[in-house]
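Below is data.cif, holding mmCIF, C-alpha atoms.
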```cif
data_input
#
loop_
_atom_site.label_atom_id
_atom_site.label_comp_id
_atom_site.auth_asym_id
_atom_site.auth_seq_id
_atom_site.Cartn_x
_atom_site.Cartn_y
_atom_site.Cartn_z
CA VAL V 1 -2.98 46.39 -8.28
CA ASN V 2 0.06 44.58 -9.65
CA LYS V 3 -0.03 44.85 -13.44
CA LYS V 4 1.38 41.34 -13.90
CA HIS V 5 -1.57 39.95 -11.95
CA ASN V 6 -4.17 41.92 -13.84
CA THR V 7 -4.45 40.02 -17.11
CA SER V 8 -7.18 37.54 -16.23
CA GLY V 9 -9.41 38.82 -19.02
CA GLN V 10 -6.82 37.71 -21.59
CA LYS V 11 -7.05 33.98 -20.91
CA THR V 12 -10.05 31.93 -21.85
CA ARG V 13 -11.47 29.27 -19.58
CA GLU V 14 -10.17 26.63 -22.01
CA GLU V 15 -6.61 28.04 -22.01
CA ILE V 16 -6.62 28.06 -18.22
CA LEU V 17 -7.91 24.51 -18.02
CA ASN V 18 -5.43 23.25 -20.63
CA ARG V 19 -2.57 24.44 -18.42
CA ALA V 20 -4.27 23.27 -15.22
CA VAL V 21 -4.71 19.75 -16.65
CA GLN V 22 -0.97 19.54 -17.30
CA ILE V 23 -0.11 20.75 -13.79
CA ALA V 24 -2.62 18.35 -12.20
CA SER V 25 -1.11 15.43 -14.15
CA VAL V 26 2.24 16.23 -12.51
CA ILE V 27 1.36 17.20 -8.92
CA GLY V 28 -2.07 15.59 -8.59
CA LEU V 29 -5.56 17.05 -8.57
CA GLU V 30 -5.49 17.45 -4.78
CA GLY V 31 -2.22 19.43 -4.94
CA ILE V 32 -3.73 22.10 -7.20
CA THR V 33 -4.62 25.38 -5.48
CA ILE V 34 -6.27 28.43 -7.03
CA GLY V 35 -3.46 30.62 -5.66
CA GLN V 36 -0.72 28.52 -7.24
CA LEU V 37 -2.55 28.23 -10.55
CA ALA V 38 -3.10 32.01 -10.60
CA LYS V 39 0.64 32.53 -10.07
CA GLU V 40 1.57 30.05 -12.82
CA LEU V 41 -0.82 31.74 -15.28
CA SER V 42 0.07 35.29 -14.13
CA MET V 43 -3.59 35.86 -13.29
CA SER V 44 -5.26 37.31 -10.22
CA LYS V 45 -6.67 34.87 -7.67
CA SER V 46 -9.95 36.76 -7.76
CA GLY V 47 -10.06 36.36 -11.55
CA LEU V 48 -9.74 32.58 -11.16
CA PHE V 49 -12.25 32.50 -8.29
CA GLY V 50 -14.66 34.36 -10.56
CA LEU V 51 -14.35 31.61 -13.14
CA PHE V 52 -14.40 28.53 -10.88
CA GLY V 53 -15.82 29.57 -7.51
CA SER V 54 -14.07 26.93 -5.43
CA LYS V 55 -11.18 24.47 -5.49
CA GLU V 56 -13.64 21.60 -5.95
CA GLU V 57 -15.27 23.29 -8.96
CA LEU V 58 -11.82 23.86 -10.42
CA GLN V 59 -10.87 20.20 -9.87
CA SER V 60 -14.11 19.07 -11.46
CA ALA V 61 -13.55 21.36 -14.46
CA ILE V 62 -9.98 20.04 -14.85
CA LEU V 63 -11.28 16.47 -14.87
CA GLN V 64 -13.91 17.38 -17.50
CA ARG V 65 -11.29 19.10 -19.68
CA ALA V 66 -9.01 16.04 -19.36
CA ILE V 67 -11.90 13.80 -20.51
CA GLU V 68 -12.47 16.05 -23.55
CA ILE V 69 -8.78 15.89 -24.49
CA PHE V 70 -8.73 12.11 -24.06
CA GLN V 71 -11.83 11.76 -26.26
CA GLN V 72 -10.34 13.97 -28.98
CA VAL V 73 -7.09 11.97 -29.04
CA VAL V 74 -8.33 8.41 -28.47
CA ILE V 75 -12.03 8.12 -29.35
CA VAL V 76 -12.96 10.67 -32.04
CA PRO V 77 -10.44 9.40 -34.64
CA ILE V 78 -11.87 5.86 -34.59
CA GLN V 79 -15.53 6.81 -34.81
CA ILE V 80 -15.46 6.95 -38.62
CA LEU V 81 -13.90 3.48 -38.92
CA PRO V 82 -15.94 0.43 -39.99
CA ILE V 83 -16.91 -1.89 -37.15
CA ASN V 84 -14.36 -4.70 -37.17
CA ILE V 85 -11.25 -5.89 -35.30
CA LYS V 86 -9.09 -3.14 -36.84
CA ARG V 87 -11.32 -0.50 -35.28
CA PHE V 88 -10.86 -2.06 -31.84
CA GLU V 89 -7.09 -2.35 -32.39
CA SER V 90 -7.07 1.35 -33.35
CA ILE V 91 -8.75 2.40 -30.09
CA ILE V 92 -6.16 0.51 -28.06
CA GLU V 93 -3.30 1.81 -30.20
CA ASN V 94 -4.57 5.41 -29.80
CA TRP V 95 -4.81 4.83 -26.04
CA LEU V 96 -1.25 3.57 -25.87
CA SER V 97 -0.02 6.44 -28.08
CA TYR V 98 -1.82 8.91 -25.81
CA ILE V 99 0.49 7.68 -23.02
CA GLU V 100 3.60 7.25 -25.19
CA ASN V 101 3.25 10.75 -26.71
CA ASP V 102 3.01 12.47 -23.30
CA THR V 103 -0.44 13.92 -23.96
CA PHE V 104 -0.34 14.81 -20.25
CA GLU V 105 3.11 15.79 -18.92
CA GLY V 106 2.73 13.73 -15.75
CA GLY V 107 1.29 10.65 -17.47
CA CYS V 108 -2.30 9.45 -17.69
CA ILE V 109 -4.24 11.78 -15.39
CA PHE V 110 -7.10 9.29 -15.00
CA ILE V 111 -4.83 6.59 -13.61
CA SER V 112 -3.05 8.95 -11.21
CA THR V 113 -6.25 10.63 -10.00
CA SER V 114 -7.94 7.22 -9.61
CA LEU V 115 -5.21 6.21 -7.17
CA GLU V 116 -5.22 9.66 -5.57
CA TYR V 117 -8.97 9.62 -4.87
CA ASP V 118 -9.83 5.94 -4.47
CA SER V 119 -9.84 6.28 -0.67
CA ARG V 120 -11.01 9.93 -0.46
CA PRO V 121 -14.84 10.02 -0.43
CA GLY V 122 -16.42 13.08 -2.03
CA VAL V 123 -17.58 14.72 -5.23
CA ILE V 124 -14.28 14.31 -7.08
CA ARG V 125 -14.07 10.60 -6.21
CA ASP V 126 -17.66 10.12 -7.44
CA GLU V 127 -16.94 11.91 -10.73
CA MET V 128 -13.71 9.92 -11.11
CA CYS V 129 -15.52 6.60 -10.57
CA GLN V 130 -18.35 7.50 -12.90
CA ASN V 131 -15.88 8.46 -15.62
CA ALA V 132 -13.90 5.24 -15.12
CA SER V 133 -17.12 3.19 -15.27
CA LEU V 134 -18.10 4.87 -18.52
CA GLY V 135 -14.60 4.20 -19.87
CA PHE V 136 -14.79 0.50 -19.07
CA GLU V 137 -18.34 0.24 -20.46
CA TYR V 138 -17.25 1.98 -23.64
CA LEU V 139 -14.29 -0.38 -24.08
CA GLU V 140 -16.45 -3.44 -23.46
CA GLN V 141 -19.11 -2.23 -25.85
CA GLU V 142 -16.53 -1.54 -28.59
CA ALA V 143 -14.91 -4.93 -27.99
CA ARG V 144 -18.28 -6.62 -28.30
CA ILE V 145 -19.41 -4.94 -31.52
CA CYS V 146 -15.95 -5.18 -33.11
CA LEU V 147 -14.87 -8.65 -31.98
CA ASN V 148 -17.93 -10.68 -31.12
CA PRO V 149 -21.35 -9.09 -31.78
CA ASP V 150 -23.10 -12.33 -30.78
CA ALA V 151 -21.71 -12.09 -27.22
CA GLN V 152 -24.06 -11.18 -24.39
CA PRO V 153 -23.46 -7.71 -22.88
CA ASN V 154 -22.07 -9.31 -19.71
CA ASP V 155 -19.95 -11.94 -21.50
CA SER V 156 -17.21 -12.98 -19.04
CA GLY V 157 -14.66 -13.56 -21.81
CA LEU V 158 -15.08 -9.97 -22.99
CA LYS V 159 -14.79 -8.66 -19.42
CA GLN V 160 -11.62 -10.73 -18.98
CA LEU V 161 -10.16 -9.32 -22.21
CA ILE V 162 -10.90 -5.75 -21.12
CA PHE V 163 -9.39 -6.37 -17.68
CA GLU V 164 -6.20 -7.65 -19.30
CA ILE V 165 -5.90 -4.91 -21.94
CA HIS V 166 -6.63 -2.16 -19.43
CA SER V 167 -4.01 -3.66 -17.10
CA TYR V 168 -1.36 -3.44 -19.85
CA LEU V 169 -2.24 0.22 -20.46
CA ILE V 170 -1.83 1.14 -16.80
CA GLY V 171 1.23 -1.13 -16.46
CA ALA V 172 2.88 0.65 -19.41
CA ASN V 173 1.98 4.07 -17.99
CA LEU V 174 3.42 3.23 -14.56
CA ARG V 175 6.73 1.81 -15.79
CA TYR V 176 7.20 4.47 -18.46
CA LYS V 177 6.67 7.32 -15.98
CA LEU V 178 8.77 5.68 -13.26
CA PHE V 179 11.77 4.55 -15.31
CA ASN V 180 11.36 6.57 -18.54
CA ASP V 181 11.63 3.17 -20.23
CA ARG V 182 9.95 3.06 -23.64
CA THR V 183 10.40 -0.69 -24.14
CA VAL V 184 7.21 -1.12 -22.06
CA PHE V 185 5.22 0.03 -25.08
CA ASP V 186 6.57 -2.88 -27.13
CA GLN V 187 5.73 -5.21 -24.25
CA ALA V 188 2.22 -3.77 -24.02
CA ARG V 189 1.67 -4.07 -27.81
CA TYR V 190 2.89 -7.67 -27.79
CA ALA V 191 0.62 -8.56 -24.84
CA ILE V 192 -2.42 -6.82 -26.37
CA SER V 193 -1.94 -8.57 -29.70
CA LYS V 194 -1.53 -11.95 -27.94
CA GLN V 195 -4.72 -11.49 -25.90
CA LEU V 196 -6.75 -10.32 -28.89
CA LYS V 197 -5.65 -13.41 -30.84
CA PHE V 198 -6.49 -15.59 -27.84
CA TYR V 199 -9.95 -14.06 -27.50
CA VAL V 200 -10.67 -14.32 -31.21
CA SER V 201 -9.54 -17.97 -31.28
CA GLN V 202 -12.06 -18.68 -28.50
CA THR V 203 -15.02 -17.22 -30.36
CA ASN V 204 -16.96 -18.76 -33.25
CA ASN V 205 -16.99 -15.55 -35.18
CA LYS V 206 -14.05 -16.01 -37.54
CA GLY V 207 -15.76 -14.77 -40.75
CA ARG V 208 -16.49 -11.33 -39.39
CA LEU V 209 -13.08 -11.03 -37.77
CA GLU V 210 -11.22 -11.63 -41.02
CA SER V 211 -13.31 -9.10 -42.97
CA VAL G 1 1.25 21.59 28.15
CA ASN G 2 -1.87 19.75 27.02
CA LYS G 3 -1.86 16.34 28.68
CA LYS G 4 -3.37 14.67 25.61
CA HIS G 5 -0.40 15.85 23.53
CA ASN G 6 2.19 14.75 26.01
CA THR G 7 2.33 10.99 25.46
CA SER G 8 5.06 10.76 22.85
CA GLY G 9 7.21 8.56 25.06
CA GLN G 10 4.53 5.87 25.02
CA LYS G 11 4.68 5.08 21.31
CA THR G 12 7.58 3.32 19.66
CA ARG G 13 8.95 4.36 16.30
CA GLU G 14 7.46 1.19 14.81
CA GLU G 15 3.97 1.85 16.21
CA ILE G 16 4.09 5.38 14.82
CA LEU G 17 5.22 4.19 11.41
CA ASN G 18 2.62 1.40 11.28
CA ARG G 19 -0.10 4.02 11.65
CA ALA G 20 1.62 6.48 9.31
CA VAL G 21 1.87 3.83 6.57
CA GLN G 22 -1.90 3.30 6.73
CA ILE G 23 -2.59 7.04 6.56
CA ALA G 24 -0.15 7.51 3.68
CA SER G 25 -1.83 4.69 1.74
CA VAL G 26 -5.09 6.65 1.96
CA ILE G 27 -4.09 10.31 1.50
CA GLY G 28 -0.71 9.88 -0.22
CA LEU G 29 2.85 10.28 1.03
CA GLU G 30 2.89 13.94 0.01
CA GLY G 31 -0.29 14.69 1.98
CA ILE G 32 1.28 13.49 5.26
CA THR G 33 2.34 16.28 7.63
CA ILE G 34 4.06 15.91 11.00
CA GLY G 35 1.39 18.13 12.59
CA GLN G 36 -1.47 16.01 11.32
CA LEU G 37 0.25 12.74 12.23
CA ALA G 38 0.96 14.07 15.74
CA LYS G 39 -2.73 14.91 16.12
CA GLU G 40 -3.83 11.50 14.86
CA LEU G 41 -1.46 9.73 17.28
CA SER G 42 -2.16 12.15 20.16
CA MET G 43 1.55 12.99 20.28
CA SER G 44 3.36 16.30 20.44
CA LYS G 45 4.73 17.70 17.17
CA SER G 46 8.08 18.16 18.88
CA GLY G 47 8.07 14.48 19.90
CA LEU G 48 7.62 13.46 16.27
CA PHE G 49 10.19 16.00 15.06
CA GLY G 50 12.59 14.48 17.58
CA LEU G 51 12.13 11.07 15.97
CA PHE G 52 12.11 12.03 12.28
CA GLY G 53 13.67 15.48 11.95
CA SER G 54 11.84 16.51 8.78
CA LYS G 55 8.86 15.66 6.61
CA GLU G 56 11.18 14.07 4.05
CA GLU G 57 12.78 11.82 6.68
CA LEU G 58 9.32 10.83 7.87
CA GLN G 59 8.24 10.03 4.28
CA SER G 60 11.37 7.99 3.73
CA ALA G 61 10.83 6.08 7.01
CA ILE G 62 7.19 5.38 6.03
CA LEU G 63 8.35 3.99 2.69
CA GLN G 64 10.93 1.77 4.43
CA ARG G 65 8.32 0.49 6.91
CA ALA G 66 5.94 -0.25 4.02
CA ILE G 67 8.69 -2.25 2.31
CA GLU G 68 9.27 -4.28 5.50
CA ILE G 69 5.55 -5.06 5.81
CA PHE G 70 5.36 -6.06 2.13
CA GLN G 71 8.36 -8.34 2.54
CA GLN G 72 6.89 -9.99 5.65
CA VAL G 73 3.57 -10.65 3.91
CA VAL G 74 4.66 -11.50 0.37
CA ILE G 75 8.34 -12.56 0.32
CA VAL G 76 9.29 -14.16 3.65
CA PRO G 77 6.64 -16.94 3.51
CA ILE G 78 7.93 -18.26 0.17
CA GLN G 79 11.62 -18.28 1.02
CA ILE G 80 11.44 -21.76 2.57
CA LEU G 81 9.71 -23.26 -0.48
CA PRO G 82 11.61 -25.47 -2.98
CA ILE G 83 12.56 -23.74 -6.20
CA ASN G 84 9.87 -24.68 -8.73
CA ILE G 85 6.81 -23.26 -10.44
CA LYS G 86 4.70 -23.60 -7.27
CA ARG G 87 7.08 -21.24 -5.47
CA PHE G 88 6.63 -18.62 -8.18
CA GLU G 89 2.86 -19.07 -8.15
CA SER G 90 2.96 -18.58 -4.36
CA ILE G 91 4.77 -15.25 -4.63
CA ILE G 92 2.18 -13.93 -7.06
CA GLU G 93 -0.69 -15.33 -4.98
CA ASN G 94 0.74 -13.67 -1.84
CA TRP G 95 1.08 -10.42 -3.78
CA LEU G 96 -2.54 -10.57 -4.91
CA SER G 97 -3.70 -11.51 -1.38
CA TYR G 98 -1.73 -8.58 0.00
CA ILE G 99 -4.01 -6.33 -2.12
CA GLU G 100 -7.21 -8.39 -1.62
CA ASN G 101 -6.75 -8.51 2.19
CA ASP G 102 -6.35 -4.71 2.50
CA THR G 103 -2.86 -4.93 4.00
CA PHE G 104 -2.81 -1.16 3.47
CA GLU G 105 -6.16 0.58 3.98
CA GLY G 106 -5.78 2.74 0.88
CA GLY G 107 -4.53 -0.05 -1.40
CA CYS G 108 -0.99 -0.86 -2.52
CA ILE G 109 1.10 2.06 -1.29
CA PHE G 110 3.87 1.37 -3.83
CA ILE G 111 1.52 1.75 -6.77
CA SER G 112 -0.08 4.94 -5.42
CA THR G 113 3.21 6.56 -4.41
CA SER G 114 4.77 5.57 -7.77
CA LEU G 115 2.07 7.57 -9.53
CA GLU G 116 2.26 10.33 -6.93
CA TYR G 117 6.02 10.82 -7.34
CA ASP G 118 6.75 9.79 -10.93
CA SER G 119 6.89 13.44 -12.02
CA ARG G 120 8.23 14.94 -8.76
CA PRO G 121 12.04 14.81 -8.78
CA GLY G 122 13.71 14.41 -5.39
CA VAL G 123 14.85 12.01 -2.71
CA ILE G 124 11.46 10.27 -2.31
CA ARG G 125 11.13 9.72 -6.06
CA ASP G 126 14.66 8.25 -6.15
CA GLU G 127 13.93 5.89 -3.26
CA MET G 128 10.60 4.93 -4.87
CA CYS G 129 12.29 4.13 -8.20
CA GLN G 130 15.09 2.18 -6.57
CA ASN G 131 12.58 0.12 -4.61
CA ALA G 132 10.48 -0.51 -7.73
CA SER G 133 13.63 -1.55 -9.66
CA LEU G 134 14.57 -3.99 -6.92
CA GLY G 135 11.00 -5.34 -6.93
CA PHE G 136 11.07 -5.97 -10.68
CA GLU G 137 14.56 -7.50 -10.50
CA TYR G 138 13.44 -9.76 -7.67
CA LEU G 139 10.37 -10.93 -9.60
CA GLU G 140 12.42 -11.56 -12.74
CA GLN G 141 15.07 -13.47 -10.79
CA GLU G 142 12.45 -15.63 -9.07
CA ALA G 143 10.68 -16.26 -12.38
CA ARG G 144 13.98 -17.33 -13.93
CA ILE G 145 15.09 -19.74 -11.21
CA CYS G 146 11.58 -21.17 -10.74
CA LEU G 147 10.38 -21.36 -14.35
CA ASN G 148 13.38 -21.45 -16.64
CA PRO G 149 16.85 -21.60 -15.03
CA ASP G 150 18.49 -21.94 -18.47
CA ALA G 151 17.22 -18.50 -19.52
CA GLN G 152 19.67 -15.63 -19.81
CA PRO G 153 19.28 -12.92 -17.14
CA ASN G 154 17.91 -10.52 -19.78
CA ASP G 155 15.61 -13.05 -21.46
CA SER G 156 12.90 -11.04 -23.26
CA GLY G 157 10.26 -13.73 -22.68
CA LEU G 158 10.79 -13.50 -18.93
CA LYS G 159 10.65 -9.70 -19.03
CA GLN G 160 7.42 -9.93 -21.03
CA LEU G 161 5.92 -12.33 -18.47
CA ILE G 162 6.84 -10.03 -15.60
CA PHE G 163 5.40 -7.00 -17.41
CA GLU G 164 2.11 -8.85 -17.90
CA ILE G 165 1.84 -10.27 -14.37
CA HIS G 166 2.77 -6.94 -12.78
CA SER G 167 0.15 -5.24 -14.96
CA TYR G 168 -2.56 -7.58 -13.66
CA LEU G 169 -1.54 -6.84 -10.06
CA ILE G 170 -1.81 -3.08 -10.55
CA GLY G 171 -4.93 -3.49 -12.70
CA ALA G 172 -6.61 -5.48 -9.91
CA ASN G 173 -5.51 -2.93 -7.28
CA LEU G 174 -6.89 -0.02 -9.30
CA ARG G 175 -10.29 -1.54 -10.07
CA TYR G 176 -10.72 -3.01 -6.59
CA LYS G 177 -10.00 0.33 -4.89
CA LEU G 178 -12.09 2.34 -7.36
CA PHE G 179 -15.19 0.14 -7.55
CA ASN G 180 -14.79 -2.12 -4.49
CA ASP G 181 -15.25 -4.93 -7.01
CA ARG G 182 -13.68 -8.22 -5.88
CA THR G 183 -14.29 -10.04 -9.17
CA VAL G 184 -11.09 -8.42 -10.44
CA PHE G 185 -9.13 -10.89 -8.30
CA ASP G 186 -10.67 -13.80 -10.20
CA GLN G 187 -9.84 -12.02 -13.45
CA ALA G 188 -6.26 -11.44 -12.30
CA ARG G 189 -5.84 -15.09 -11.20
CA TYR G 190 -7.20 -16.35 -14.51
CA ALA G 191 -4.89 -14.04 -16.49
CA ILE G 192 -1.83 -14.93 -14.39
CA SER G 193 -2.47 -18.65 -14.76
CA LYS G 194 -2.97 -18.27 -18.53
CA GLN G 195 0.29 -16.32 -18.96
CA LEU G 196 2.28 -18.75 -16.82
CA LYS G 197 1.00 -21.66 -18.93
CA PHE G 198 1.83 -19.73 -22.09
CA TYR G 199 5.36 -18.98 -20.91
CA VAL G 200 5.95 -22.55 -19.76
CA SER G 201 4.68 -23.93 -23.08
CA GLN G 202 7.24 -21.72 -24.86
CA THR G 203 10.21 -23.06 -22.88
CA ASN G 204 12.02 -26.35 -23.30
CA ASN G 205 12.11 -26.98 -19.62
CA LYS G 206 9.11 -29.19 -19.11
CA GLY G 207 10.75 -31.80 -16.87
CA ARG G 208 11.67 -29.29 -14.19
CA LEU G 209 8.34 -27.53 -14.40
CA GLU G 210 6.38 -30.69 -13.75
CA SER G 211 8.50 -31.64 -10.75
#
```
For the structure just supplied, provide its representation as structure tokens.
Amino acid sequence: VNKKHNTSGQKTREEILNRAVQIASVIGLEGITIGQLAKELSMSKSGLFGLFGSKEELQSAILQRAIEIFQQVVIVPIQILPINIKRFESIIENWLSYIENDTFEGGCIFISTSLEYDSRPGVIRDEMCQNASLGFEYLEQEARICLNPDAQPNDSGLKQLIFEIHSYLIGANLRYKLFNDRTVFDQARYAISKQLKFYVSQTNNKGRLES
Amino acid sequence: VNKKHNTSGQKTREEILNRAVQIASVIGLEGITIGQLAKELSMSKSGLFGLFGSKEELQSAILQRAIEIFQQVVIVPIQILPINIKRFESIIENWLSYIENDTFEGGCIFISTSLEYDSRPGVIRDEMCQNASLGFEYLEQEARICLNPDAQPNDSGLKQLIFEIHSYLIGANLRYKLFNDRTVFDQARYAISKQLKFYVSQTNNKGRLES
């Protein structure tokens, strides 16, 4: 047995997944193979198979680890904040910083895997969709409690606002990764601020918003 | 020689590429192989190799064919229109319809290949970036002549407008392909119309815009 390939016991599942998430953000979740990941981590293929069983289980575990990282960077820091417009602005700012600070080497892994799997039926697509649904529901729910608690859960103005803000986030991610152009973050911030002001001006909830 | 695999002479380069573009929009440009495409088209691998030489040449030819199709659907129909706001609105509407009407089975191939190649240096990434640059320049140029001919070529308001409109197009593409939800097209149309009105209200060019 090659000594170099015999160190699987030295890497934890989390260390392996942290590296795998970065690779998947660059080459895609479909491009990942257990053999290639084993080589990159100087582990044995059998060691990795022992941990993940199959390529699909590995892909699913990578997606779960990516969600945990995203939550730690974007969601956890705002959970202690009082419920007002600043809290909502902080979520969006954290989300933009998560892209701007290259949390994932290849850019937002959820955007790239969404486009990778949108036409590939299967377990990974289902997990991807469910995660994206939860993400949109979370954003809508935060927007409602922070910006307009009197709005109905299916308020079309709130859904419109979330569509627009989410579009800026993926627009910034795409142009930043394609052209390495950081001015898109200024454009995204300007657009987000404009839409938030527009939404707030349309609601009758001024007192709470200025608190 | 298997008879089924011996029909390469019967398909033109354009017919082959039309099918290849659809496949690439679903599984990605990197996932395409000459062997698999030959099987799908009931052609011999050697017949395809004779036409394209290498996987990279095939990928490049697919990208070029996709650009031609995009131009036929989105750009050519507006070129006869007089230069005013309606012309610009028509480009954006054609662009949105190109997504809504499933021109490519797997969604906008430029968005998915942008995210597929943004972190993969090489010829395909370079061609992708150049095409995207030309696309943004074209949109900016059309916005300028149609909405505000007095603006400087690098007008930041125009760049902001293009960032926002492009974001809605990719936002609609992503959510439509992920959730098969067509309400995103209404949300995109509403957002586009709102931003166009906002931009127009910021310019001093009302007379031309109302013409």
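Note that atom CA of G:Asp150 and atom CA of G:Gln202 are 12.9 Å apart.
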Write out, as a tab-separated table, each residue of stretch 11-30 of chain V that has an atom at most 12 Å from stretch 96-106 of chain V, together with the closest pair of atoms and their distance in Å to one decimal, counting all atoms listed in the file, rows going by chain and rising number.
```
residue	atom	partner	partner_atom	distance
V:Asn18	CA	V:Phe104	CA	9.9
V:Arg19	CA	V:Phe104	CA	10.1
V:Ala20	CA	V:Phe104	CA	10.6
V:Val21	CA	V:Phe104	CA	7.5
V:Gln22	CA	V:Phe104	CA	5.6
V:Ile23	CA	V:Gly106	CA	7.8
V:Ala24	CA	V:Gly106	CA	7.9
V:Ser25	CA	V:Gly106	CA	4.5
V:Val26	CA	V:Gly106	CA	4.1
V:Ile27	CA	V:Gly106	CA	7.8
V:Gly28	CA	V:Gly106	CA	8.8
V:Leu29	CA	V:Gly106	CA	11.5
```
As an MDAnalysis selection string, could you give me every residue of chain V near chain G (at most 10 Å apart, counting all atoms listed in the file)? chainID V and resid 25:28 30:31 105:109 111:120 125:126 128:130 132:133 156:157 159:180 184 186:188 190:192 195
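Comparing G:Leu48, G:Ile32, G:Val74, G:Ala66 by their smallest distance to G:Asn131, the closest is G:Ala66 (using only C-alpha atoms).
Distance-wise, atom CA of G:Tyr138 and atom CA of G:Val200 end up 19.1 Å apart.
Using only C-alpha atoms, the contacts of G:Ile145 at a cut-off of 7 Å, with sequence neighbours closer than 4 positions omitted, comprise Ile83, Gln141 and Pro149 of chain G.
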For a test of reading the model, state the distance in Å between atom CA of V:Phe88 and atom CA of V:Tyr199, rounded to one decimal. 12.8 Å
I'd like the neighbourhood of G:Ile124 as a VMD selection string, where a residue qualifies if any of its atoms comes within 8 Å (using all atoms listed in the file), though same-chain residues fewer than 6 positions away should be ignored. chain G and resid 56 59 to 60 117
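Among the candidate residues V:Arg65, V:Leu139, V:Gly47, V:Thr33, the one lying nearest to V:Glu15 is V:Arg65, with distances computed using all atoms listed in the file.
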Show me, as lines of an AutoDock Vina configuration file, the centre and edge lengths in Å to one decimal of the axis-aligned box that covers every listed atom of stretch 98-105 of chain G with 3 Å on each side.
```
center_x = -4.5
center_y = -4.0
center_z = 0.9
size_x = 11.5
size_y = 15.2
size_z = 12.1
```
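The residue set within 10 Å of V:Ile34, counting all atoms listed in the file and dropping same-chain residues fewer than 4 places from it, reads Ala20, Ala38, Lys39, Glu40, Ser44, Lys45, Ser46, Gly47, Leu48, Phe49, Phe52, Gly53, Ser54, Lys55, Leu58 and Gln59 of chain V.
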Keeping all heavy atoms, write stretch 93-97 of chain G of the structure just shown out as a CSV table (one decimal), in the first residue's frame.
```csv
chain,number,residue,atom,x,y,z
G,93,GLU,N,-38.1,42.3,-23.9
G,93,GLU,CA,-39.2,41.4,-24.0
G,93,GLU,C,-38.8,40.1,-24.8
G,93,GLU,O,-39.2,39.0,-24.4
G,93,GLU,CB,-40.4,42.1,-24.6
G,93,GLU,CG,-41.6,41.2,-24.8
G,93,GLU,CD,-42.1,40.5,-23.5
G,93,GLU,OE1,-42.0,41.1,-22.4
G,93,GLU,OE2,-42.6,39.4,-23.6
G,94,ASN,N,-38.1,40.3,-25.9
G,94,ASN,CA,-37.7,39.1,-26.7
G,94,ASN,C,-36.7,38.2,-25.9
G,94,ASN,O,-36.8,37.0,-26.0
G,94,ASN,CB,-36.9,39.6,-28.0
G,94,ASN,CG,-37.8,40.2,-29.0
G,94,ASN,OD1,-39.0,40.2,-28.9
G,94,ASN,ND2,-37.2,40.8,-30.0
G,95,TRP,N,-35.9,38.9,-25.1
G,95,TRP,CA,-34.9,38.2,-24.2
G,95,TRP,C,-35.7,37.3,-23.2
G,95,TRP,O,-35.3,36.1,-23.0
G,95,TRP,CB,-34.0,39.2,-23.6
G,95,TRP,CG,-32.7,38.7,-23.1
G,95,TRP,CD1,-32.4,37.5,-22.4
G,95,TRP,CD2,-31.4,39.3,-23.3
G,95,TRP,NE1,-31.1,37.4,-22.1
G,95,TRP,CE2,-30.4,38.5,-22.7
G,95,TRP,CE3,-31.0,40.5,-23.9
G,95,TRP,CZ2,-29.1,38.8,-22.6
G,95,TRP,CZ3,-29.7,40.8,-23.8
G,95,TRP,CH2,-28.7,40.0,-23.2
G,96,LEU,N,-36.7,37.9,-22.6
G,96,LEU,CA,-37.5,37.2,-21.6
G,96,LEU,C,-38.3,36.1,-22.3
G,96,LEU,O,-38.3,35.0,-21.7
G,96,LEU,CB,-38.4,38.2,-20.9
G,96,LEU,CG,-38.9,37.9,-19.5
G,96,LEU,CD1,-37.7,37.7,-18.6
G,96,LEU,CD2,-39.7,39.1,-19.0
G,97,SER,N,-38.8,36.4,-23.5
G,97,SER,CA,-39.6,35.3,-24.2
G,97,SER,C,-38.7,34.2,-24.6
G,97,SER,O,-39.1,33.0,-24.6
G,97,SER,CB,-40.2,35.9,-25.4
G,97,SER,OG,-41.1,36.9,-25.1
```
